[in-house]
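Visitor: What follows is the file entry29.txt, containing compact mmCIF, C-alpha atoms:
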```
# COMPACT_ATOMS: atom_id res chain seq x y z
CA MET A 356 -90.17 9.83 60.08
CA LYS A 357 -87.77 6.94 59.49
CA LYS A 358 -87.27 5.71 55.92
CA LEU A 359 -87.57 2.01 55.13
CA THR A 360 -84.42 0.22 54.03
CA THR A 361 -84.53 -1.55 50.66
CA GLU A 362 -84.63 -4.88 52.55
CA GLU A 363 -87.65 -3.73 54.55
CA MET A 364 -89.47 -2.89 51.30
CA GLY A 365 -89.33 -6.56 50.30
CA ARG A 366 -89.71 -6.02 46.56
CA MET A 367 -90.10 -9.04 44.28
CA SER A 368 -87.37 -10.51 42.09
CA VAL A 369 -87.44 -10.33 38.29
CA GLU A 370 -88.48 -14.02 38.23
CA GLU A 371 -91.32 -13.39 40.69
CA PHE A 372 -92.38 -10.35 38.65
CA ARG A 373 -92.60 -12.39 35.45
CA GLU A 374 -94.86 -14.93 37.12
CA SER A 375 -97.01 -12.37 38.98
CA GLU A 376 -100.45 -11.20 37.91
CA LYS A 377 -100.20 -8.05 35.82
CA LEU A 378 -102.52 -5.15 35.16
CA PRO A 379 -104.35 -5.82 31.85
CA LEU A 380 -102.71 -2.62 30.60
CA THR A 381 -100.42 -2.33 27.57
CA VAL A 382 -98.36 0.81 26.97
CA VAL A 383 -97.66 1.76 23.35
CA LEU A 384 -94.79 4.17 22.66
CA ASP A 385 -95.23 5.68 19.20
CA ASN A 386 -91.95 7.23 17.94
CA VAL A 387 -90.61 8.24 21.37
CA ARG A 388 -87.17 9.66 20.65
CA SER A 389 -85.61 10.11 24.10
CA LEU A 390 -83.86 7.07 25.57
CA ASN A 391 -84.27 8.69 28.97
CA ASN A 392 -88.05 8.75 28.50
CA ILE A 393 -88.17 5.15 27.26
CA GLY A 394 -86.20 3.95 30.30
CA SER A 395 -88.40 5.93 32.69
CA VAL A 396 -91.54 4.38 31.19
CA PHE A 397 -90.03 0.92 31.79
CA ARG A 398 -89.34 1.83 35.43
CA THR A 399 -92.87 3.17 35.97
CA SER A 400 -94.38 0.13 34.21
CA ASP A 401 -92.43 -2.16 36.53
CA ALA A 402 -93.72 -0.23 39.57
CA PHE A 403 -97.37 -0.68 38.57
CA ARG A 404 -97.01 -4.15 36.98
CA VAL A 405 -97.97 -3.14 33.45
CA GLU A 406 -98.26 -6.33 31.38
CA HIS A 407 -96.51 -5.15 28.20
CA ILE A 408 -94.78 -2.24 26.47
CA ALA A 409 -95.03 -2.01 22.66
CA LEU A 410 -92.10 0.01 21.29
CA CYS A 411 -92.99 1.39 17.85
CA GLY A 412 -91.29 3.21 14.99
CA ILE A 413 -88.16 5.14 16.01
CA THR A 414 -88.59 4.13 19.68
CA ALA A 415 -85.32 2.39 20.64
CA THR A 416 -85.32 -1.07 22.23
CA PRO A 417 -83.35 -2.72 25.05
CA PRO A 418 -80.65 -3.67 25.62
CA HIS A 419 -79.32 -0.09 25.41
CA ARG A 420 -76.96 1.65 27.84
CA GLU A 421 -78.95 4.90 27.78
CA ILE A 422 -82.30 3.14 28.34
CA HIS A 423 -80.73 1.24 31.24
CA LYS A 424 -79.66 4.52 32.90
CA THR A 425 -83.29 5.39 33.72
CA ALA A 426 -84.88 1.89 33.57
CA LEU A 427 -82.31 0.56 36.07
CA GLY A 428 -83.16 -3.06 35.26
CA ALA A 429 -86.91 -2.63 34.69
CA GLU A 430 -86.20 -3.41 31.02
CA ASP A 431 -85.53 -6.99 32.20
CA SER A 432 -88.74 -7.35 34.24
CA VAL A 433 -91.38 -5.76 31.98
CA GLU A 434 -92.30 -7.70 28.82
CA TRP A 435 -91.89 -5.72 25.59
CA SER A 436 -92.11 -6.07 21.82
CA TYR A 437 -91.03 -3.96 18.85
CA HIS A 438 -93.30 -2.90 15.98
CA GLU A 439 -92.11 -0.88 13.00
CA ASP A 440 -95.61 0.47 12.41
CA ALA A 441 -97.59 1.74 15.43
CA ALA A 442 -100.86 1.61 13.47
CA GLU A 443 -100.33 -2.08 12.77
CA CYS A 444 -99.53 -2.69 16.44
CA VAL A 445 -102.74 -0.90 17.49
CA ARG A 446 -104.79 -2.88 14.94
CA GLY A 447 -103.39 -6.08 16.46
CA LEU A 448 -104.40 -4.94 19.96
CA LYS A 449 -107.91 -4.11 18.74
CA GLU A 450 -108.24 -7.61 17.34
CA LYS A 451 -107.39 -8.87 20.84
CA ASP A 452 -110.25 -6.74 22.26
CA TYR A 453 -108.12 -4.02 23.79
CA ARG A 454 -109.73 -0.64 24.24
CA ILE A 455 -107.22 1.88 22.85
CA HIS A 456 -106.78 5.33 24.41
CA ALA A 457 -104.31 7.89 23.09
CA VAL A 458 -103.00 10.13 25.85
CA GLU A 459 -103.58 13.36 23.96
CA ILE A 460 -105.62 16.53 24.04
CA ALA A 461 -108.19 15.94 21.32
CA HIS A 462 -111.69 17.01 20.43
CA ASP A 463 -113.97 14.83 22.60
CA SER A 464 -111.09 13.69 24.80
CA ILE A 465 -112.03 12.40 28.25
CA LYS A 466 -110.38 14.11 31.23
CA LEU A 467 -108.21 11.60 33.10
CA ASP A 468 -109.76 12.58 36.45
CA ALA A 469 -113.29 12.01 35.12
CA MET A 470 -112.51 8.49 33.96
CA THR A 471 -114.22 6.57 36.76
CA GLN A 472 -116.10 4.04 34.68
CA LEU A 473 -113.30 2.71 32.53
CA ARG A 474 -113.02 -0.51 34.52
CA ASN A 475 -116.62 -1.33 33.69
CA ASN A 476 -116.25 -0.64 29.99
CA ALA A 477 -113.21 -2.69 29.14
CA LEU A 478 -111.06 -5.28 30.75
CA LYS A 479 -108.03 -4.80 28.51
CA ILE A 480 -106.70 -1.33 27.92
CA ALA A 481 -103.88 0.09 25.81
CA LEU A 482 -102.52 3.61 26.33
CA VAL A 483 -100.72 5.22 23.40
CA PHE A 484 -98.06 7.89 23.99
CA GLY A 485 -96.59 9.81 21.08
CA ASN A 486 -93.42 11.55 20.01
CA GLU A 487 -92.08 14.36 22.23
CA ILE A 488 -92.82 17.01 19.57
CA GLU A 489 -95.47 15.58 17.27
CA GLY A 490 -97.55 13.58 19.76
CA VAL A 491 -99.44 10.51 18.57
CA GLN A 492 -99.52 10.18 14.75
CA GLU A 493 -102.80 11.09 13.03
CA SER A 494 -102.97 7.63 11.43
CA VAL A 495 -102.82 6.08 14.93
CA MET A 496 -105.28 8.62 16.43
CA GLU A 497 -107.83 7.50 13.84
CA LEU A 498 -107.66 3.95 15.20
CA CYS A 499 -108.12 4.91 18.86
CA ASP A 500 -111.37 4.35 20.73
CA GLY A 501 -110.81 7.54 22.69
CA ALA A 502 -108.31 10.11 23.89
CA LEU A 503 -107.41 10.71 27.52
CA GLU A 504 -106.48 14.24 28.47
CA ILE A 505 -104.44 15.12 31.54
CA PRO A 506 -106.02 18.47 32.52
CA GLN A 507 -103.36 21.18 32.64
CA TYR A 508 -103.54 24.75 33.89
CA GLY A 509 -100.22 26.36 32.97
CA THR A 510 -98.39 27.90 30.04
CA LYS A 511 -97.03 24.75 28.36
CA HIS A 512 -99.02 22.62 25.92
CA SER A 513 -98.00 19.27 27.30
CA LEU A 514 -96.10 17.34 29.94
CA ASN A 515 -92.86 15.44 29.47
CA VAL A 516 -93.88 12.07 27.97
CA SER A 517 -92.43 10.04 30.87
CA CYS A 518 -94.31 12.26 33.36
CA ALA A 519 -97.55 11.98 31.35
CA ALA A 520 -97.07 8.20 31.28
CA ALA A 521 -96.43 8.13 35.04
CA ILE A 522 -99.66 10.05 35.75
CA ALA A 523 -101.80 8.02 33.32
CA ILE A 524 -100.41 4.63 34.42
CA TRP A 525 -100.82 5.59 38.11
CA GLU A 526 -104.43 6.66 37.54
CA LEU A 527 -105.31 3.56 35.48
CA SER A 528 -103.58 1.35 38.03
CA LYS A 529 -105.77 2.82 40.80
CA LEU A 530 -108.96 2.33 38.75
CA MET A 531 -108.09 -1.18 37.60
CA ARG A 532 -107.15 -2.39 41.10
CA GLN A 533 -110.45 -1.19 42.60
CA MET B 1051 -110.09 11.38 17.26
CA LYS B 1052 -108.71 14.73 16.12
CA LYS B 1053 -105.97 16.37 18.20
CA LEU B 1054 -106.31 19.99 19.27
CA THR B 1055 -103.85 22.47 17.79
CA THR B 1056 -101.76 24.47 20.26
CA GLU B 1057 -103.90 27.53 19.41
CA GLU B 1058 -107.08 25.63 20.24
CA MET B 1059 -105.62 24.73 23.66
CA GLY B 1060 -105.54 28.44 24.53
CA ARG B 1061 -102.84 28.18 27.21
CA MET B 1062 -101.98 31.25 29.30
CA SER B 1063 -98.91 33.44 28.82
CA VAL B 1064 -96.07 33.61 31.35
CA GLU B 1065 -97.44 36.99 32.51
CA GLU B 1066 -100.95 35.60 32.95
CA PHE B 1067 -99.48 32.61 34.81
CA ARG B 1068 -97.62 34.83 37.26
CA GLU B 1069 -100.82 36.71 38.11
CA SER B 1070 -103.03 33.61 38.26
CA GLU B 1071 -104.17 31.86 41.42
CA LYS B 1072 -101.79 29.03 42.31
CA LEU B 1073 -102.18 25.80 44.22
CA PRO B 1074 -100.98 26.39 47.81
CA LEU B 1075 -98.36 23.73 47.11
CA THR B 1076 -94.61 24.18 47.36
CA VAL B 1077 -92.22 21.61 45.91
CA VAL B 1078 -88.88 21.14 47.69
CA LEU B 1079 -86.06 19.44 45.76
CA ASP B 1080 -83.43 18.21 48.21
CA ASN B 1081 -80.12 17.48 46.43
CA VAL B 1082 -81.63 16.44 43.08
CA ARG B 1083 -78.64 15.81 40.84
CA SER B 1084 -80.15 15.37 37.37
CA LEU B 1085 -80.77 18.55 35.38
CA ASN B 1086 -83.24 16.57 33.30
CA ASN B 1087 -85.27 15.78 36.44
CA ILE B 1088 -85.15 19.38 37.69
CA GLY B 1089 -86.41 20.68 34.33
CA SER B 1090 -89.20 18.08 34.23
CA VAL B 1091 -90.37 19.10 37.71
CA PHE B 1092 -90.57 22.71 36.50
CA ARG B 1093 -92.68 21.63 33.51
CA THR B 1094 -95.03 19.56 35.69
CA SER B 1095 -95.28 22.38 38.25
CA ASP B 1096 -96.25 24.79 35.48
CA ALA B 1097 -98.96 22.38 34.27
CA PHE B 1098 -100.61 22.16 37.70
CA ARG B 1099 -99.89 25.75 38.79
CA VAL B 1100 -97.64 24.92 41.73
CA GLU B 1101 -96.91 28.16 43.60
CA HIS B 1102 -93.18 27.67 44.27
CA ILE B 1103 -90.21 25.33 43.83
CA ALA B 1104 -87.46 25.43 46.50
CA LEU B 1105 -84.18 24.17 45.02
CA CYS B 1106 -81.89 22.97 47.81
CA GLY B 1107 -78.30 21.82 48.23
CA ILE B 1108 -76.69 20.47 45.05
CA THR B 1109 -79.92 21.02 43.06
CA ALA B 1110 -78.95 23.27 40.14
CA THR B 1111 -80.83 26.49 39.42
CA PRO B 1112 -82.04 28.23 36.25
CA PRO B 1113 -80.95 29.66 33.95
CA HIS B 1114 -79.25 26.48 32.76
CA ARG B 1115 -79.20 25.04 29.23
CA GLU B 1116 -79.76 21.47 30.46
CA ILE B 1117 -82.65 22.45 32.77
CA HIS B 1118 -84.22 24.35 29.86
CA LYS B 1119 -84.12 21.19 27.68
CA THR B 1120 -86.85 19.55 29.77
CA ALA B 1121 -88.45 22.64 31.39
CA LEU B 1122 -88.97 24.23 27.95
CA GLY B 1123 -89.63 27.66 29.44
CA ALA B 1124 -91.49 26.54 32.60
CA GLU B 1125 -88.45 27.78 34.53
CA ASP B 1126 -89.65 31.30 33.59
CA SER B 1127 -93.25 30.81 34.70
CA VAL B 1128 -92.91 28.94 38.00
CA GLU B 1129 -91.52 30.94 40.95
CA TRP B 1130 -88.45 29.39 42.57
CA SER B 1131 -85.82 30.05 45.23
CA TYR B 1132 -82.48 28.50 46.18
CA HIS B 1133 -81.55 27.26 49.67
CA GLU B 1134 -78.15 25.82 50.53
CA ASP B 1135 -79.65 23.85 53.42
CA ALA B 1136 -82.90 21.93 52.80
CA ALA B 1137 -83.52 21.57 56.56
CA GLU B 1138 -83.40 25.35 56.97
CA CYS B 1139 -85.77 25.76 54.00
CA VAL B 1140 -88.22 23.27 55.56
CA ARG B 1141 -87.99 25.02 58.95
CA GLY B 1142 -88.91 28.28 57.20
CA LEU B 1143 -91.94 26.64 55.56
CA LYS B 1144 -93.07 25.23 58.92
CA GLU B 1145 -92.93 28.72 60.40
CA LYS B 1146 -95.26 29.78 57.59
CA ASP B 1147 -97.70 26.99 58.62
CA TYR B 1148 -96.97 24.62 55.75
CA ARG B 1149 -97.63 20.96 56.37
CA ILE B 1150 -94.50 19.15 55.15
CA HIS B 1151 -94.69 15.72 53.48
CA ALA B 1152 -91.63 13.85 52.26
CA VAL B 1153 -92.42 11.67 49.26
CA GLU B 1154 -90.71 8.59 50.63
CA ILE B 1155 -91.42 5.08 51.81
CA ALA B 1156 -91.12 5.39 55.57
CA HIS B 1157 -92.43 3.71 58.69
CA ASP B 1158 -95.92 5.19 59.17
CA SER B 1159 -96.00 6.67 55.67
CA ILE B 1160 -99.44 7.42 54.24
CA LYS B 1161 -100.31 5.80 50.90
CA LEU B 1162 -100.84 8.51 48.28
CA ASP B 1163 -104.13 6.92 47.15
CA ALA B 1164 -105.47 6.89 50.72
CA MET B 1165 -104.84 10.58 51.23
CA THR B 1166 -108.39 11.83 50.86
CA GLN B 1167 -108.49 14.10 53.88
CA LEU B 1168 -105.40 16.17 53.30
CA ARG B 1169 -107.36 19.16 52.08
CA ASN B 1170 -109.17 19.32 55.40
CA ASN B 1171 -106.04 19.07 57.47
CA ALA B 1172 -103.89 21.76 55.93
CA LEU B 1173 -104.27 24.57 53.50
CA LYS B 1174 -100.60 24.97 52.67
CA ILE B 1175 -98.62 21.89 51.72
CA ALA B 1176 -94.98 21.28 50.88
CA LEU B 1177 -93.80 18.09 49.19
CA VAL B 1178 -90.14 17.15 49.61
CA PHE B 1179 -88.36 15.03 46.97
CA GLY B 1180 -84.87 13.73 47.60
CA ASN B 1181 -81.71 12.77 45.77
CA GLU B 1182 -81.95 10.09 43.06
CA ILE B 1183 -79.89 7.61 45.11
CA GLU B 1184 -80.13 8.70 48.74
CA GLY B 1185 -83.71 9.99 48.84
CA VAL B 1186 -84.64 12.71 51.32
CA GLN B 1187 -81.89 13.36 53.91
CA GLU B 1188 -82.50 11.98 57.42
CA SER B 1189 -82.10 15.47 58.91
CA VAL B 1190 -84.94 16.67 56.66
CA MET B 1191 -87.09 13.56 57.28
CA GLU B 1192 -87.00 14.39 60.99
CA LEU B 1193 -88.63 17.76 60.31
CA CYS B 1194 -91.46 16.38 58.16
CA ASP B 1195 -95.03 16.10 59.42
CA GLY B 1196 -95.50 12.92 57.42
CA ALA B 1197 -94.30 10.80 54.52
CA LEU B 1198 -96.33 10.07 51.40
CA GLU B 1199 -95.76 6.72 49.77
CA ILE B 1200 -96.58 5.98 46.14
CA PRO B 1201 -97.65 2.31 46.37
CA GLN B 1202 -95.51 0.20 44.05
CA TYR B 1203 -95.85 -3.44 43.03
CA GLY B 1204 -92.74 -4.27 41.01
CA THR B 1205 -89.08 -5.11 41.40
CA LYS B 1206 -87.60 -1.60 41.77
CA HIS B 1207 -87.45 0.28 45.06
CA SER B 1208 -88.52 3.65 43.71
CA LEU B 1209 -89.68 5.65 40.73
CA ASN B 1210 -87.68 8.20 38.78
CA VAL B 1211 -87.88 11.42 40.84
CA SER B 1212 -89.54 13.43 38.05
CA CYS B 1213 -92.15 10.65 37.62
CA ALA B 1214 -92.74 10.46 41.39
CA ALA B 1215 -93.15 14.25 41.43
CA ALA B 1216 -95.59 14.09 38.50
CA ILE B 1217 -97.76 11.49 40.27
CA ALA B 1218 -97.69 13.28 43.65
CA ILE B 1219 -98.33 16.76 42.21
CA TRP B 1220 -101.17 15.40 40.01
CA GLU B 1221 -102.79 13.67 42.98
CA LEU B 1222 -102.42 16.71 45.30
CA SER B 1223 -103.69 18.98 42.52
CA LYS B 1224 -106.86 16.86 42.23
CA LEU B 1225 -107.42 16.86 45.99
CA MET B 1226 -106.74 20.58 46.42
CA ARG B 1227 -109.00 21.62 43.54
CA GLN B 1228 -111.96 19.64 44.94
```
Go ahead and express the file in the form of structure tokens.
Guide:
Amino acid sequence: MKKLTTEEMGRMSVEEFRESEKLPLTVVLDNVRSLNNIGSVFRTSDAFRVEHIALCGITATPPHREIHKTALGAEDSVEWSYHEDAAECVRGLKEKDYRIHAVEIAHDSIKLDAMTQLRNNALKIALVFGNEIEGVQESVMELCDGALEIPQYGTKHSLNVSCAAAIAIWELSKLMRQ
Amino acid sequence: MKKLTTEEMGRMSVEEFRESEKLPLTVVLDNVRSLNNIGSVFRTSDAFRVEHIALCGITATPPHREIHKTALGAEDSVEWSYHEDAAECVRGLKEKDYRIHAVEIAHDSIKLDAMTQLRNNALKIALVFGNEIEGVQESVMELCDGALEIPQYGTKHSLNVSCAAAIAIWELSKLMRQ
């Protein structure tokens, strides 16, 4: 097996990215504390052409040296906005006809691997990821149309937020590109 | 939407985890430098009941305060071993009839979302993840049965290694549990 060089990969430029068609998928980060996690979510969102990241509450914003360490420039390609209040941000998305899913383990949550019909139900989707300890705030949960659960089989109660975001964005990206 | 409490999730104990049936999936980390990434891979491996993590080369081993920060105890549940030479580790896995896939973008790599028949081809699988900058070493690539590519559509050449591992382990976990 011979690896491709970066030239052979032929990735797009930041300018081309900005003009390219995006997934109708917005990622909402509700009080994410770790700069490492924020940067990683930017990098993953670049990879799957997420249209927008809404940074809410204590979630730090670019430009930031520590975000850059894991975003590696993806903070310049992916469009973002800052909102002091995540609930207000989610209300705004609902007004724009987004279907809002918290990535959480909740009563009546839908398993991520059972979510085959999402594409038919809604064209515009927002995924909400919460704080590393507290998860998504109750006041934001109340506004969500549903919760998506990543089925887990081990000892821990949750995944790292950047890993959960990677899995959920990957899965949505597959469904939305079908 | 009402979140489940940690009690309601009813996760297993470390002892129950050790005795539980695992996925026949081994994760090989080849010269992964970031302790944060190593810990995250432990946490993801716990969530999907990966049977073993092989830490190779410069990849640090538990117990380590910085690995614990992201593993959060998963370094105690998931079985691991250390190998100075990743190539030797991979040769050992091949002798035990593992099918070895580097998670890399290579000539003739298989797209992760096209990998529907893997379960039929091999019962025991090893996924190799490389260094944050260099990727999987050429000497290890040569030993692999195939390369798995996570299709990407943005400006960056790769994902964060812990995010790539999360996506690949999630996808393999779904296929192997079918």
Visitor: Would you list the contacts of stretch 392-394 of chain A as a list in words, taking every protein, DNA or RNA residue within 9 Å and counting all atoms listed in the file, but skipping same-chain residues closer than 2 positions in sequence?
Guide: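 The neighbour list is Leu384, Val387, Arg388, Ser389, Leu390, Val396, Phe397, Arg398, Thr399, Leu410, Thr414, Ala415, Thr416, Pro417, Glu421, Ile422, His423, Lys424, Thr425, Ala426, Leu427, Ala429, Glu430, Asn515, Val516, Ser517 and Cys518 of chain A.
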Visitor: Neighbours of stretch 1150-1164 of chain B within 6 Å (all atoms listed in the file; same-chain residues fewer than 2 positions away dropped), as a list in words?
Guide: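 Selected residues are Lys357, Lys358 and Leu359 of chain A; Thr1166, Ala1176, Leu1177, Val1178, Phe1179, Cys1194, Asp1195, Gly1196, Ala1197, Leu1198, Glu1199 and Ile1200 of chain B.
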Visitor: Calculate how many Å separate atom CA of B:Glu1129 from atom CA of B:Glu1069, rounding to one decimal.
Guide: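 It comes out at 11.3 Å.
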Visitor: With all atoms listed in the file as the atoms that count, which of A:Val369, A:Glu450, A:Glu439, A:Glu487 lies nearest to A:Asn391?
Guide: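 Of A:Val369, A:Glu450, A:Glu439, A:Glu487, the one nearest A:Asn391 is A:Glu487, counting all atoms listed in the file.
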Visitor: Rounded to one decimal place, report the atom CA of B:Pro1113-atom CA of A:Ile488 distance in Å.
Guide: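 The value is 22.5 Å.
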Visitor: Between atom CA of B:Val1077 and atom CA of B:Thr1056, what is the distance in Å, rounded to a tenth?
Guide: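 Between atom CA of B:Val1077 and atom CA of B:Thr1056 the gap is 27.5 Å.
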Visitor: Find the residue from B:Arg1115, B:His1102, B:Arg1061, B:Lys1072 that sits nearest to chain A; use all atoms listed in the file when measuring.
Guide: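 Comparing B:Arg1115, B:His1102, B:Arg1061, B:Lys1072 against chain A, the winner is B:Arg1061.
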Visitor: Box for stretch 1108-1117 of chain B: with edges along x, y and z, all listed atoms inside and 4 Å added on each side, what are the centre and edge lengths in Å to one decimal, as AutoDock Vina command-line options?
Guide:
```
--center_x -79.7 --center_y 25.1 --center_z 37.1 --size_x 14.0 --size_y 17.2 --size_z 23.8
```
Visitor: From the options A:Gly447, A:Gly485, A:Gly428, A:Pro379, which residue's atoms come nearest to chain B, counting only C-alpha atoms?
Guide: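 Among the listed residues, the smallest separation from chain B belongs to A:Gly428.
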Visitor: Kindly indicate which residue among B:Met1062, B:Ile1219, B:Leu1073, B:Val1140 lies nearest to chain A, using all atoms listed in the file for the distances.
Guide: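 Among B:Met1062, B:Ile1219, B:Leu1073, B:Val1140, it is B:Met1062 that comes nearest to chain A.
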Visitor: Using all atoms listed in the file, can you tell me which of A:Leu514, A:Ile408, A:Met496, A:Ile413 comes closest to A:Ala442?
Guide: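 Result for the nearest residue to A:Ala442: A:Met496.
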Visitor: Kindly indicate which residue among A:Gln507, A:Ser400, A:Ser368, A:Gln492 lies nearest to B:Trp1220, using only C-alpha atoms for the distances.
Guide: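 The shortest atom-to-atom distance to B:Trp1220 comes from A:Gln507.
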